[in-house]
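Q: Before I ask anything, let me first share the structure, which is written out below as structure tokens.
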Amino acid sequence: MSGLLFAIDPYIARLSNGVNVGYFGPVNTTTLKLTHPDPDQVVRTSYLRASYGQALDSYNRPKPVEIEFTIDDCDPDLLSMAMLGTPAAYTQAEATNADETFTAQLNKWVSLSKNNLTAFAITGKTLDTDYNIDMVGGLVRVLTGTDGASMTATLSAPARTGKTIDAGTSTVLQLAIRGVGTNLFTGEMVEIDVWQANVSPSGSLDFISKDPISLTFKGTCIVPSGKAGPYQYRKHS
């Protein structure tokens, strides 16, 4: 006899029309709960004189298994799930002394086509007198002149690559979770497979916070064709 205290490496995969497209991870998961809700009790009640009010038959109708998990790894693939979005590649081409035309908004910041600038100048204008520039953000604020005027600047910027996420492009997340772990009490190896979980993000994304961002997901476990149940637990001797 022994207790259970797990250390688990969870791997998470998105499903495309029920097909696993590959796991990523292991993902630092602070909570992974699988809940069997209380069943609905169906009772056939007696209305006979001798047994009035007693149960003649009863059946416990089970409900789908519920899943809840929280992660605090937030690379774009994982963050996109919390945003119901899809990550895509991002590329900024290198620019050297390139012309940049923009519409001035007097005393307001305007976004340029490049960021992380290494050089910026407006011909005939003086920095911090006629304009301000945020080199990292790629933002310019014109301080003098005509509101709405077309202006041309010269800028330089390095090539950059990364990922973008357009939020709200998905309506439901279909995931598979594979956990590879150890029972810390006994040292036995364990595995758990959630074949399919249809989940949605729960809670808010606090992008300005004193604490690390956590992503929580809640939903229902599905029993795919060919599987005996919604998830499987395995212990290795």
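Within each chain, counting starts at residue 1; across the structure tokens, chains are named A, B, ... in the order shown, with ligands numbered 1 upward in that order.
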Can you tell me which residues surround range 5-7 of chain A at a distance of at most 7 Å, considering only C-alpha atoms, apart from same-chain residues fewer than 4 positions away, and format the answer as an MDAnalysis selection string?

A: chainID A and resid 181:185

Q: Please produce a file of those selected residues containing C-alpha atoms, as a PDB file, in the first residue's frame.

A:
ATOM      1  CA  GLY A 181       5.869  11.175 -14.237  1.00  0.00           C
ATOM      2  CA  THR A 182       6.963   9.540 -11.025  1.00  0.00           C
ATOM      3  CA  ASN A 183       5.193   8.685  -7.794  1.00  0.00           C
ATOM      4  CA  LEU A 184       7.574  10.397  -5.388  1.00  0.00           C
ATOM      5  CA  PHE A 185       6.557   8.106  -2.522  1.00  0.00           C
TER       6      PHE A 185
END

Q: So that I can check the surroundings of Lys108 in chain A, please list as a VMD selection string every protein, DNA and RNA residue that reaches within 12 Å of it, counting only C-alpha atoms and ignoring chain neighbours fewer than 2 positions away.

A: chain A and resid 103 to 106 110 to 111 131 to 133 139 to 144 147 to 148

Q: What lies within 12 Å of Pro64 in chain A using only C-alpha atoms, ignoring chain neighbours under 3 positions off, as a ChimeraX atom specification?

A: /A:34-40,61,67,197-198,219-223,229-231

Q: Would you mind telling me which residue in A:Asn107, A:Asn115, A:Thr186, A:Ser170 lies nearest to Pro201 in chain A when using only C-alpha atoms?

A: A:Ser170

Q: Restricting the calculation to only C-alpha atoms, which member of A:Val136, A:Ala95, A:Ala13, A:Leu112 is positioned closest to Asp77 in chain A?

A: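 Nearest to Asp77 in chain A: A:Ala13.
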
Q: Please identify all polymer residues within 10 Å of Ser237 in chain A, counting only C-alpha atoms, omitting same-chain residues fewer than 5 positions from it, and present them as a ChimeraX atom specification.

A: /A:187-190

Q: Output C-alpha atoms of each residue in that selection to a file, as a PDB file, in the first residue's frame.

A:
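Now in selection.pdb:
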ATOM      1  CA  GLY A 187       9.696   5.909  -7.257  1.00  0.00           C
ATOM      2  CA  GLU A 188       7.365   4.061  -9.637  1.00  0.00           C
ATOM      3  CA  MET A 189       6.971   5.476 -13.133  1.00  0.00           C
ATOM      4  CA  VAL A 190       3.464   6.563 -14.118  1.00  0.00           C
TER       5      VAL A 190
END

Q: So that I can see what lies close to Leu78 in chain A, please list as a ChimeraX atom specification the residues with an atom at most 10 Å from it, counting only C-alpha atoms and leaving out residues fewer than 4 positions away in the same chain.

A: /A:12,24-25,27,71-74,82-83,85-87,215

Q: For the residues in that selection, give me N, CA, C and O atoms as an mmCIF file, in the first residue's frame.

A:
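What landed in selection02.cif:
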data_model
loop_
_atom_site.group_PDB
_atom_site.id
_atom_site.type_symbol
_atom_site.label_atom_id
_atom_site.label_comp_id
_atom_site.auth_asym_id
_atom_site.auth_seq_id
_atom_site.Cartn_x
_atom_site.Cartn_y
_atom_site.Cartn_z
ATOM 1 N N ILE A 12 1.545 18.723 -24.262
ATOM 2 C CA ILE A 12 0.241 19.168 -24.755
ATOM 3 C C ILE A 12 0.267 19.233 -26.274
ATOM 4 O O ILE A 12 1.239 19.737 -26.867
ATOM 5 N N PHE A 24 3.963 19.482 -27.699
ATOM 6 C CA PHE A 24 5.060 20.355 -27.310
ATOM 7 C C PHE A 24 5.137 20.357 -25.788
ATOM 8 O O PHE A 24 4.160 20.112 -25.090
ATOM 9 N N GLY A 25 6.342 20.622 -25.299
ATOM 10 C CA GLY A 25 6.547 20.543 -23.861
ATOM 11 C C GLY A 25 7.896 19.883 -23.547
ATOM 12 O O GLY A 25 8.732 19.735 -24.437
ATOM 13 N N VAL A 27 5.526 21.020 -20.303
ATOM 14 C CA VAL A 27 4.971 22.306 -19.920
ATOM 15 C C VAL A 27 4.841 22.349 -18.399
ATOM 16 O O VAL A 27 4.305 21.410 -17.800
ATOM 17 N N ILE A 71 -1.248 26.382 -16.338
ATOM 18 C CA ILE A 71 0.162 26.383 -16.728
ATOM 19 C C ILE A 71 0.733 27.779 -16.532
ATOM 20 O O ILE A 71 -0.001 28.769 -16.546
ATOM 21 N N ASP A 72 2.042 27.855 -16.318
ATOM 22 C CA ASP A 72 2.673 29.176 -16.244
ATOM 23 C C ASP A 72 3.852 29.292 -17.209
ATOM 24 O O ASP A 72 4.650 30.226 -17.103
ATOM 25 N N ASP A 73 3.969 28.337 -18.144
ATOM 26 C CA ASP A 73 4.837 28.525 -19.308
ATOM 27 C C ASP A 73 4.028 29.296 -20.344
ATOM 28 O O ASP A 73 2.882 28.917 -20.638
ATOM 29 N N CYS A 74 4.585 30.334 -20.907
ATOM 30 C CA CYS A 74 3.792 31.229 -21.756
ATOM 31 C C CYS A 74 4.478 31.541 -23.081
ATOM 32 O O CYS A 74 4.468 32.689 -23.547
ATOM 33 N N ALA A 82 -4.597 30.503 -24.749
ATOM 34 C CA ALA A 82 -5.333 31.346 -23.815
ATOM 35 C C ALA A 82 -6.002 32.519 -24.524
ATOM 36 O O ALA A 82 -6.974 33.080 -24.015
ATOM 37 N N MET A 83 -5.500 32.882 -25.693
ATOM 38 C CA MET A 83 -6.067 33.986 -26.464
ATOM 39 C C MET A 83 -7.014 33.486 -27.552
ATOM 40 O O MET A 83 -7.520 34.291 -28.339
ATOM 41 N N GLY A 85 -6.265 32.029 -30.167
ATOM 42 C CA GLY A 85 -5.667 32.486 -31.412
ATOM 43 C C GLY A 85 -4.722 31.456 -31.992
ATOM 44 O O GLY A 85 -4.589 30.342 -31.483
ATOM 45 N N THR A 86 -4.048 31.863 -33.063
ATOM 46 C CA THR A 86 -3.097 30.986 -33.743
ATOM 47 C C THR A 86 -1.789 31.743 -33.929
ATOM 48 O O THR A 86 -1.785 32.843 -34.482
ATOM 49 N N PRO A 87 -0.663 31.176 -33.462
ATOM 50 C CA PRO A 87 0.617 31.862 -33.654
ATOM 51 C C PRO A 87 1.053 31.795 -35.111
ATOM 52 O O PRO A 87 0.796 30.823 -35.818
ATOM 53 N N LEU A 215 -2.034 30.560 -16.949
ATOM 54 C CA LEU A 215 -3.093 30.323 -17.933
ATOM 55 C C LEU A 215 -3.910 29.129 -17.461
ATOM 56 O O LEU A 215 -3.366 28.042 -17.249
#

Q: So that I can see what lies close to Thr171 in chain A, please list as a list in words the residues with an atom at most 10 Å from it, counting only C-alpha atoms and leaving out residues fewer than 4 positions away in the same chain.

A: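 Residues near the query, excluding close chain neighbours: Leu84, Gly85, Val199 and Ser200 of chain A.
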
Q: Can you write just those residues out, N, CA, C and O atoms, as a PDB file, in the first residue's frame?

A:
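Heads up, here's the output in result-v7.pdb:
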ATOM      1  N   LEU A  84      -7.242  32.162 -27.586  1.00  0.00           N
ATOM      2  CA  LEU A  84      -8.061  31.547 -28.644  1.00  0.00           C
ATOM      3  C   LEU A  84      -7.577  32.017 -30.018  1.00  0.00           C
ATOM      4  O   LEU A  84      -8.364  32.364 -30.902  1.00  0.00           O
ATOM      5  N   GLY A  85      -6.265  32.029 -30.167  1.00  0.00           N
ATOM      6  CA  GLY A  85      -5.667  32.486 -31.412  1.00  0.00           C
ATOM      7  C   GLY A  85      -4.722  31.456 -31.992  1.00  0.00           C
ATOM      8  O   GLY A  85      -4.589  30.342 -31.483  1.00  0.00           O
ATOM      9  N   VAL A 199     -11.635  22.339 -24.430  1.00  0.00           N
ATOM     10  CA  VAL A 199     -11.485  23.298 -23.333  1.00  0.00           C
ATOM     11  C   VAL A 199     -11.581  24.733 -23.848  1.00  0.00           C
ATOM     12  O   VAL A 199     -11.467  25.000 -25.045  1.00  0.00           O
ATOM     13  N   SER A 200     -11.781  25.620 -22.893  1.00  0.00           N
ATOM     14  CA  SER A 200     -11.754  27.058 -23.158  1.00  0.00           C
ATOM     15  C   SER A 200     -10.893  27.713 -22.080  1.00  0.00           C
ATOM     16  O   SER A 200     -10.809  27.211 -20.954  1.00  0.00           O
TER      17      SER A 200
END

Q: For a quick check of understanding, using only C-alpha atoms, which of A:Val194, A:Leu155, A:Ala98, A:Ile213 has the smallest distance to Phe120 in chain A?

A: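 With only C-alpha atoms as the atom set, the closest residue is A:Leu155.
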
Q: Given the choices A:Leu56, A:Ile165, A:Ala119, A:Ala153, which gets closest to Tyr90 in chain A if the distance is worked out from only C-alpha atoms?

A: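 Looking only at the distances to Tyr90 in chain A, the closest residue turns out to be A:Ile165.
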
Q: Could you state the separation of CA of Gly179 in chain A and CA of Ser225 in chain A in Å, given to one decimal place?

A: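 Going from CA of Gly179 in chain A over to CA of Ser225 in chain A, I get 21.0 Å.
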
Q: What's the separation between CA of Thr118 in chain A and CA of Gly137 in chain A, in Å to one decimal place?

A: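 Pair CA of Thr118 in chain A / CA of Gly137 in chain A returns 11.4 Å.
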
Q: Using only C-alpha atoms for the distances, tell me which of A:Gly226, A:Pro76, A:Pro10, A:Pro62 is nearest to Thr30 in chain A.

A: A:Pro10

Q: Got a sec to tell me which of range 18-133 of chain A DSSP assigns to strand (DSSP E), as JSON, numbers by chain?

A: {"A": [19, 20, 21, 22, 23, 24, 29, 30, 31, 32, 33, 34, 35, 40, 41, 42, 43, 44, 45, 55, 56, 57, 58, 59, 60, 61, 66, 67, 68, 69, 70, 71, 86, 87, 88, 89, 90, 91, 92, 95, 96, 97, 98, 99, 100, 101, 102, 103, 109, 110, 111, 119, 120, 121, 122, 131, 132, 133]}

Q: I'd like to know which residues of range 13-233 of chain A are helix (DSSP H, G or I) (by DSSP, run on the backbone); could you write them as a VMD selection string?

A: chain A and resid 76 to 82

Q: One decimal, in Å: what's the spacing between CA of Glu94 in chain A and CA of Gly138 in chain A?

A: 13.8 Å
